[in-house]
Amino acid sequence: MAELKYTKDGRLLFTKEMRREYKILVPNMLPVHFKLFEKVLQKSGYNIEVLTNSSHRVVEEGLKYVHNDTCYPALLVIGQMIDALNSGKYDVNKTALMITQTGGGCRASNYIHLLRKALKSAGYENVPVISVNMSGLESNPGFSLTPALVMQFVAGLVYGDMLMLLNNQVKAYELNKGESEALVNNWVERLLDQFSHGKGLMGEDFRNNLKQIADEFDAIPVNRVPKVRVGVVGEIYVKYSPLANNRLEEFLSSQDCEVMVPGLMGFALFKIDNRLDDINLYGGSNIKYKFVSFLKDFCTKMETAMLDALKDHPNFTVPSPYAHLRSLVNGVIGYGSKMGEGWLLTAEMLELCESGYENIVCTQPFGCLPNHINGKGMIGRIRKVFPNSNITPIDYDPSATKVNQENRIKLMLAVARENLSERMADEKSDKTKGKSPNNTPEDADAQPIGGIATDNE
C-alpha cells in the first residue's frame, strides 16, 4: 500500500505509487464529454471512473458537509463524491478524488478546499484530492497535466460538443424516436475504441470523424415542422449537469421544443483568453504567455475543424466561432466582467437570439453573483438589441422545487408558442399576398427577421 505523504502545509499528496494502485473518482457534468475524457485519462495510465450516482442522497450528503449558503454546484459535486465513498463500492484506502481549478475566484478554484474539509468531517481525510489546473495552484507527483494530455482533452471536448449539438438539432424532429440518441451512443463507442488505439485525436482522423458524424446525423429521417426553439445558458455546472438542473433538457424535449445548449469550447477559449488578458494587463512569464497563446491557437483550429464539418449541411444551425461571441458583447458589457462565466454568458444569449433561439432559460445557482450580473442583470440590455428575446432566469438550490422551476419555464414557453403562432400566421398571410419566403415583397429592401438582419440590410 502506498505511503501517505504530505506537503509542508499538511496537504495530502497523490503520489506516483498511488497512480499505480488507486482508483480516481471524477464528478460528472457532461455525460458524453466526460465519457471521452475518461478514456483519454485511462489511455494515459490513470484508473479513472466518472461518477453516475444521482439519487437524492447526493443532495443530502452535500447539505450535511457544505453550508447551504454555499454555491449549489459545490454542494452537489462534494455530495456526489461523499455519497460514492459511502456506497461501499470503493476501497476508500485506495481511492482518490479529482476536481478542476480554473484559477478564478469562483467554483472551480475554491471547491477543492471545501471538499477536503468535508472529507475530514466524514472520516475520509486519508483520501487524496487531485487538482486539475493550468494555473500552478496545486501539483501532485502522481498526476501531470502534460501538453499532449491537454490536446487530447481538447479533441474529446470538440467531439462532445459536436454530438451534443447535432443530437439536439435532430431528435426534436426525427421520425423514428430514439434514432439520434442511439447514434450518439454508437459514436461514443466508436470514438472510445479509436482513443484506446491512439487514433481519432487529431489530424486527418479527427477531421474525417467530424465530417462523418455530421453526415450520419444529417441522414437520419426527420420532419422539420415548426417548433419552439429554446436555448439553455447559465453557470457552467448547472447549465450542463442533469443532476443540477433537474434534467432540464429532457423536460424541454417533453414540451416538444428543440433545445440548443452552447458547447464547452466557448468556455474553454474564454478561460484561455482571460489568461492572455491578465498577462497583458498585469505582466507575467513570457514562457507562460507563449504556451497559452499556442493553446488558444490550437483550440481555435480545433473549433474551426468542427464548424467546417457542419458548413456543408444546411439542415443544421452552425454555432458561431468564439471570436464572433467576443465581438457580440462589444458595447453591451465590458470584457473585464470575467468572474465565473463572465461576459461569455451575455454573449451566448446574444448569439442564441441571433441564431433564432430567442427563447432562453438562464440557469443559475441561487445567489450566484456572476450569473445575476452577466445573466439575469443583462436581460433588459439584450431585449434592447433583440426585442423578440424571451428570457427567463431560473434559480437552482436544494430548497427550490422542480415543480416551481418547470412552471416558470412553462410560462416562458406559453409566450414562445404565442410568438411562434403569430410568426407562422404572418408568413401564411405574406404568401397569399405574393411576398417572397424571406418575409419581404420581391422588390422591397430586405428587413430584419426575428432580430437578425438579412444580407440586404
# chains A, B, ... in the order shown; residues from 1 in each chain; ligands from 1

call {"tool": "closest_atom_pairs", "arguments": {"of": "segment 115-174 of chain A", "to": "segment 311-319 of chain A", "cutoff": "10 Å", "atoms": "only C-alpha atoms", "output": "tab-separated table"}}
result
residue	atom	partner	partner_atom	distance
A:Leu165	CA	A:Pro319	CA	8.8
A:Leu166	CA	A:Phe316	CA	7.6
A:Gln169	CA	A:Phe316	CA	6.9
A:Val170	CA	A:Phe316	CA	8.6

call {"tool": "select_by_dssp", "arguments": {"residues": "segment 232-375 of chain A", "states": "alpha helix (DSSP H)", "output": "number ranges by chain"}}
result
A: 236-240, 248-254, 265-282, 286-311, 322-328, 342-354, 369-374

call {"tool": "closest_atom_pairs", "arguments": {"of": "segment 258-346 of chain A", "to": "segment 97-119 of chain A", "cutoff": "8 Å", "atoms": "only C-alpha atoms", "output": "Markdown table"}}
result
| residue | atom | partner | partner_atom | distance |
| --- | --- | --- | --- | --- |
| A:Lys271 | CA | A:Thr102 | CA | 7.8 |
| A:Met339 | CA | A:Gly105 | CA | 6.6 |
| A:Gly340 | CA | A:Cys106 | CA | 5.6 |

call {"tool": "write_last_selection", "arguments": {"atoms": "C-alpha atoms", "output": "PDB file, in the first residue's frame"}}
result
ATOM      1  CA  LYS A 271     -10.763  30.955 -19.861  1.00  0.00           C
ATOM      2  CA  MET A 339     -15.739  36.162 -12.916  1.00  0.00           C
ATOM      3  CA  GLY A 340     -17.341  32.748 -13.395  1.00  0.00           C
TER       4      GLY A 340
END

call {"tool": "select_by_dssp", "arguments": {"residues": "segment 150-315 of chain A", "states": "strand (DSSP E)", "output": "VMD selection string"}}
result
chain A and resid 228 to 234 257 to 260

call {"tool": "write_last_selection", "arguments": {"atoms": "N, CA and C atoms", "output": "short mmCIF file (atom, residue, chain, number, x, y, z; two decimals), in the first residue's frame"}}
result
data_model
loop_
_atom_site.label_atom_id
_atom_site.label_comp_id
_atom_site.auth_asym_id
_atom_site.auth_seq_id
_atom_site.Cartn_x
_atom_site.Cartn_y
_atom_site.Cartn_z
N VAL A 228 -41.03 25.38 -31.13
CA VAL A 228 -40.40 26.38 -30.26
C VAL A 228 -38.94 25.98 -30.07
N ARG A 229 -38.05 26.92 -30.29
CA ARG A 229 -36.62 26.67 -30.14
C ARG A 229 -36.14 27.37 -28.88
N VAL A 230 -35.50 26.61 -27.99
CA VAL A 230 -35.11 27.11 -26.68
C VAL A 230 -33.61 26.94 -26.47
N GLY A 231 -32.95 28.01 -26.07
CA GLY A 231 -31.54 27.95 -25.70
C GLY A 231 -31.39 27.83 -24.19
N VAL A 232 -30.34 27.16 -23.77
CA VAL A 232 -30.05 26.99 -22.34
C VAL A 232 -28.66 27.55 -22.06
N VAL A 233 -28.58 28.50 -21.14
CA VAL A 233 -27.31 29.10 -20.74
C VAL A 233 -27.22 29.11 -19.22
N GLY A 234 -26.12 29.67 -18.70
CA GLY A 234 -26.02 29.84 -17.25
C GLY A 234 -24.70 29.41 -16.68
N CYS A 257 -40.02 20.90 -27.66
CA CYS A 257 -39.14 22.00 -28.05
C CYS A 257 -37.87 21.44 -28.69
N GLU A 258 -37.25 22.26 -29.52
CA GLU A 258 -35.89 21.99 -29.96
C GLU A 258 -34.97 22.76 -29.03
N VAL A 259 -33.96 22.08 -28.50
CA VAL A 259 -33.08 22.67 -27.49
C VAL A 259 -31.72 22.96 -28.09
N MET A 260 -31.17 24.09 -27.74
CA MET A 260 -29.80 24.45 -28.14
C MET A 260 -29.00 24.78 -26.87
#

call {"tool": "closest_atom_pairs", "arguments": {"of": "segment 145-230 of chain A", "to": "segment 133-140 of chain A", "cutoff": "12 Å", "atoms": "only C-alpha atoms", "output": "Markdown table"}}
result
| residue | atom | partner | partner_atom | distance |
| --- | --- | --- | --- | --- |
| A:Leu145 | CA | A:Asn133 | CA | 7.8 |
| A:Thr146 | CA | A:Met134 | CA | 9.8 |
| A:Pro147 | CA | A:Met134 | CA | 10.3 |
| A:Val150 | CA | A:Met134 | CA | 9.7 |

call {"tool": "write_last_selection", "arguments": {"atoms": "C-alpha atoms", "output": "PDB file, in the first residue's frame"}}
result
ATOM      1  CA  LEU A 145      -1.318  17.698 -16.999  1.00  0.00           C
ATOM      2  CA  THR A 146       1.038  17.389 -19.968  1.00  0.00           C
ATOM      3  CA  PRO A 147       0.616  19.338 -23.232  1.00  0.00           C
ATOM      4  CA  VAL A 150      -4.373  18.769 -22.808  1.00  0.00           C
TER       5      VAL A 150
END

call {"tool": "residues_around", "arguments": {"residues": "Asn404 of chain A", "least_positions_apart": "6", "cutoff": "12 Å", "atoms": "only C-alpha atoms", "output": "list in words"}}
result
Asn246, Ile394, Asp395, Tyr396, Asp397, Lys410 and Leu411 of chain A

call {"tool": "atom_distance", "arguments": {"atom1": "atom CA of Asn93 of chain A", "atom2": "atom CA of Glu3 of chain A"}}
result
10.9 Å

call {"tool": "residues_around", "arguments": {"residues": "segment 50-57 of chain A", "least_positions_apart": "5", "cutoff": "12 Å", "atoms": "only C-alpha atoms", "output": "PyMOL selection string"}}
result
chain A and resi 23-39+41-42+62-64+75-87+89-90+97-99+241-247+398

call {"tool": "write_last_selection", "arguments": {"atoms": "C-alpha atoms", "output": "mmCIF file, in the first residue's frame"}}
result
data_model
loop_
_atom_site.group_PDB
_atom_site.id
_atom_site.type_symbol
_atom_site.label_atom_id
_atom_site.label_comp_id
_atom_site.auth_asym_id
_atom_site.auth_seq_id
_atom_site.Cartn_x
_atom_site.Cartn_y
_atom_site.Cartn_z
ATOM 1 C CA LYS A 23 -8.912 4.407 -8.456
ATOM 2 C CA ILE A 24 -9.653 8.080 -9.166
ATOM 3 C CA LEU A 25 -13.273 9.263 -8.963
ATOM 4 C CA VAL A 26 -14.422 12.266 -11.003
ATOM 5 C CA PRO A 27 -17.748 14.117 -10.562
ATOM 6 C CA ASN A 28 -19.928 14.154 -13.662
ATOM 7 C CA MET A 29 -21.115 17.241 -15.551
ATOM 8 C CA LEU A 30 -21.489 16.458 -19.260
ATOM 9 C CA PRO A 31 -22.285 12.745 -19.772
ATOM 10 C CA VAL A 32 -20.971 12.439 -23.356
ATOM 11 C CA HIS A 33 -17.928 14.686 -22.944
ATOM 12 C CA PHE A 34 -16.862 13.077 -19.682
ATOM 13 C CA LYS A 35 -17.028 9.548 -21.137
ATOM 14 C CA LEU A 36 -14.487 10.693 -23.710
ATOM 15 C CA PHE A 37 -12.342 12.480 -21.102
ATOM 16 C CA GLU A 38 -12.426 9.291 -19.010
ATOM 17 C CA LYS A 39 -10.976 7.265 -21.890
ATOM 18 C CA LEU A 41 -7.122 9.631 -18.944
ATOM 19 C CA GLN A 42 -7.322 5.838 -18.903
ATOM 20 C CA GLY A 62 -23.881 17.802 0.264
ATOM 21 C CA LEU A 63 -26.132 19.537 2.772
ATOM 22 C CA LYS A 64 -24.508 17.552 5.564
ATOM 23 C CA LEU A 75 -22.861 21.154 -2.685
ATOM 24 C CA LEU A 76 -23.682 18.698 -5.497
ATOM 25 C CA VAL A 77 -20.086 17.944 -6.549
ATOM 26 C CA ILE A 78 -18.994 17.299 -2.968
ATOM 27 C CA GLY A 79 -22.212 15.427 -2.195
ATOM 28 C CA GLN A 80 -21.715 13.141 -5.189
ATOM 29 C CA MET A 81 -18.170 12.298 -4.089
ATOM 30 C CA ILE A 82 -19.056 11.673 -0.435
ATOM 31 C CA ASP A 83 -22.050 9.561 -1.485
ATOM 32 C CA ALA A 84 -19.762 7.463 -3.702
ATOM 33 C CA LEU A 85 -17.286 6.905 -0.862
ATOM 34 C CA ASN A 86 -20.167 5.935 1.446
ATOM 35 C CA SER A 87 -21.547 3.416 -1.061
ATOM 36 C CA LYS A 89 -18.317 0.173 -3.826
ATOM 37 C CA TYR A 90 -14.786 1.503 -3.439
ATOM 38 C CA LEU A 97 -10.789 12.228 -5.993
ATOM 39 C CA MET A 98 -10.205 14.628 -8.880
ATOM 40 C CA ILE A 99 -11.572 18.151 -9.289
ATOM 41 C CA SER A 241 -25.424 18.719 -15.462
ATOM 42 C CA PRO A 242 -28.774 16.854 -15.466
ATOM 43 C CA LEU A 243 -28.246 16.313 -11.739
ATOM 44 C CA ALA A 244 -28.032 20.065 -11.126
ATOM 45 C CA ASN A 245 -30.769 21.319 -13.472
ATOM 46 C CA ASN A 246 -33.348 18.612 -12.762
ATOM 47 C CA ARG A 247 -32.947 17.134 -16.248
ATOM 48 C CA PRO A 398 -31.648 22.475 -2.549
#

call {"tool": "closest_residue", "arguments": {"among": "A:Arg11, A:Lys338, A:Lys177, A:Lys301", "to": "Pro321 of chain A", "atoms": "only C-alpha atoms"}}
result
A:Lys301

call {"tool": "residues_around", "arguments": {"residues": "Met1 of chain A", "least_positions_apart": "5", "cutoff": "10 Å", "atoms": "only C-alpha atoms", "output": "list of chain:residue names"}}
result
A:Glu17, A:Met18, A:Glu21, A:Tyr22, A:Asn93, A:Lys94

call {"tool": "atom_distance", "arguments": {"atom1": "atom CA of Val261 of chain A", "atom2": "atom CA of Glu249 of chain A"}}
result
8.9 Å

call {"tool": "closest_residue", "arguments": {"among": "A:Leu157, A:Ala305, A:Cys353, A:Met162", "to": "Leu328 of chain A", "atoms": "only C-alpha atoms"}}
result
A:Cys353

call {"tool": "closest_residue", "arguments": {"among": "A:Ile220, A:Val238, A:Ala347, A:Ala414", "to": "Cys71 of chain A", "atoms": "only C-alpha atoms"}}
result
A:Val238

call {"tool": "residues_around", "arguments": {"residues": "Phe270 of chain A", "least_positions_apart": "3", "cutoff": "9 Å", "atoms": "only C-alpha atoms", "output": "MDAnalysis selection string"}}
result
chainID A and resid 265:267 273:275 322 326 338 341:342 344

call {"tool": "closest_residue", "arguments": {"among": "A:Gln255, A:Ser320, A:Ser180, A:Gln152", "to": "Val40 of chain A", "atoms": "only C-alpha atoms"}}
result
A:Gln152

call {"tool": "residues_around", "arguments": {"residues": "Leu413 of chain A", "least_positions_apart": "3", "cutoff": "12 Å", "atoms": "only C-alpha atoms", "output": "list in words"}}
result
Lys227, Val228, Arg229, Val230, Gly231, Phe251, Leu252, Ser253, Gln255, Asp256, Cys257, Glu258, Glu358, Asn359, Ile360, Val361, Asn390, Ile391, Thr392, Glu406, Asn407, Arg408, Ile409, Lys410, Ala416, Arg417, Glu418, Asn419 and Leu420 of chain A
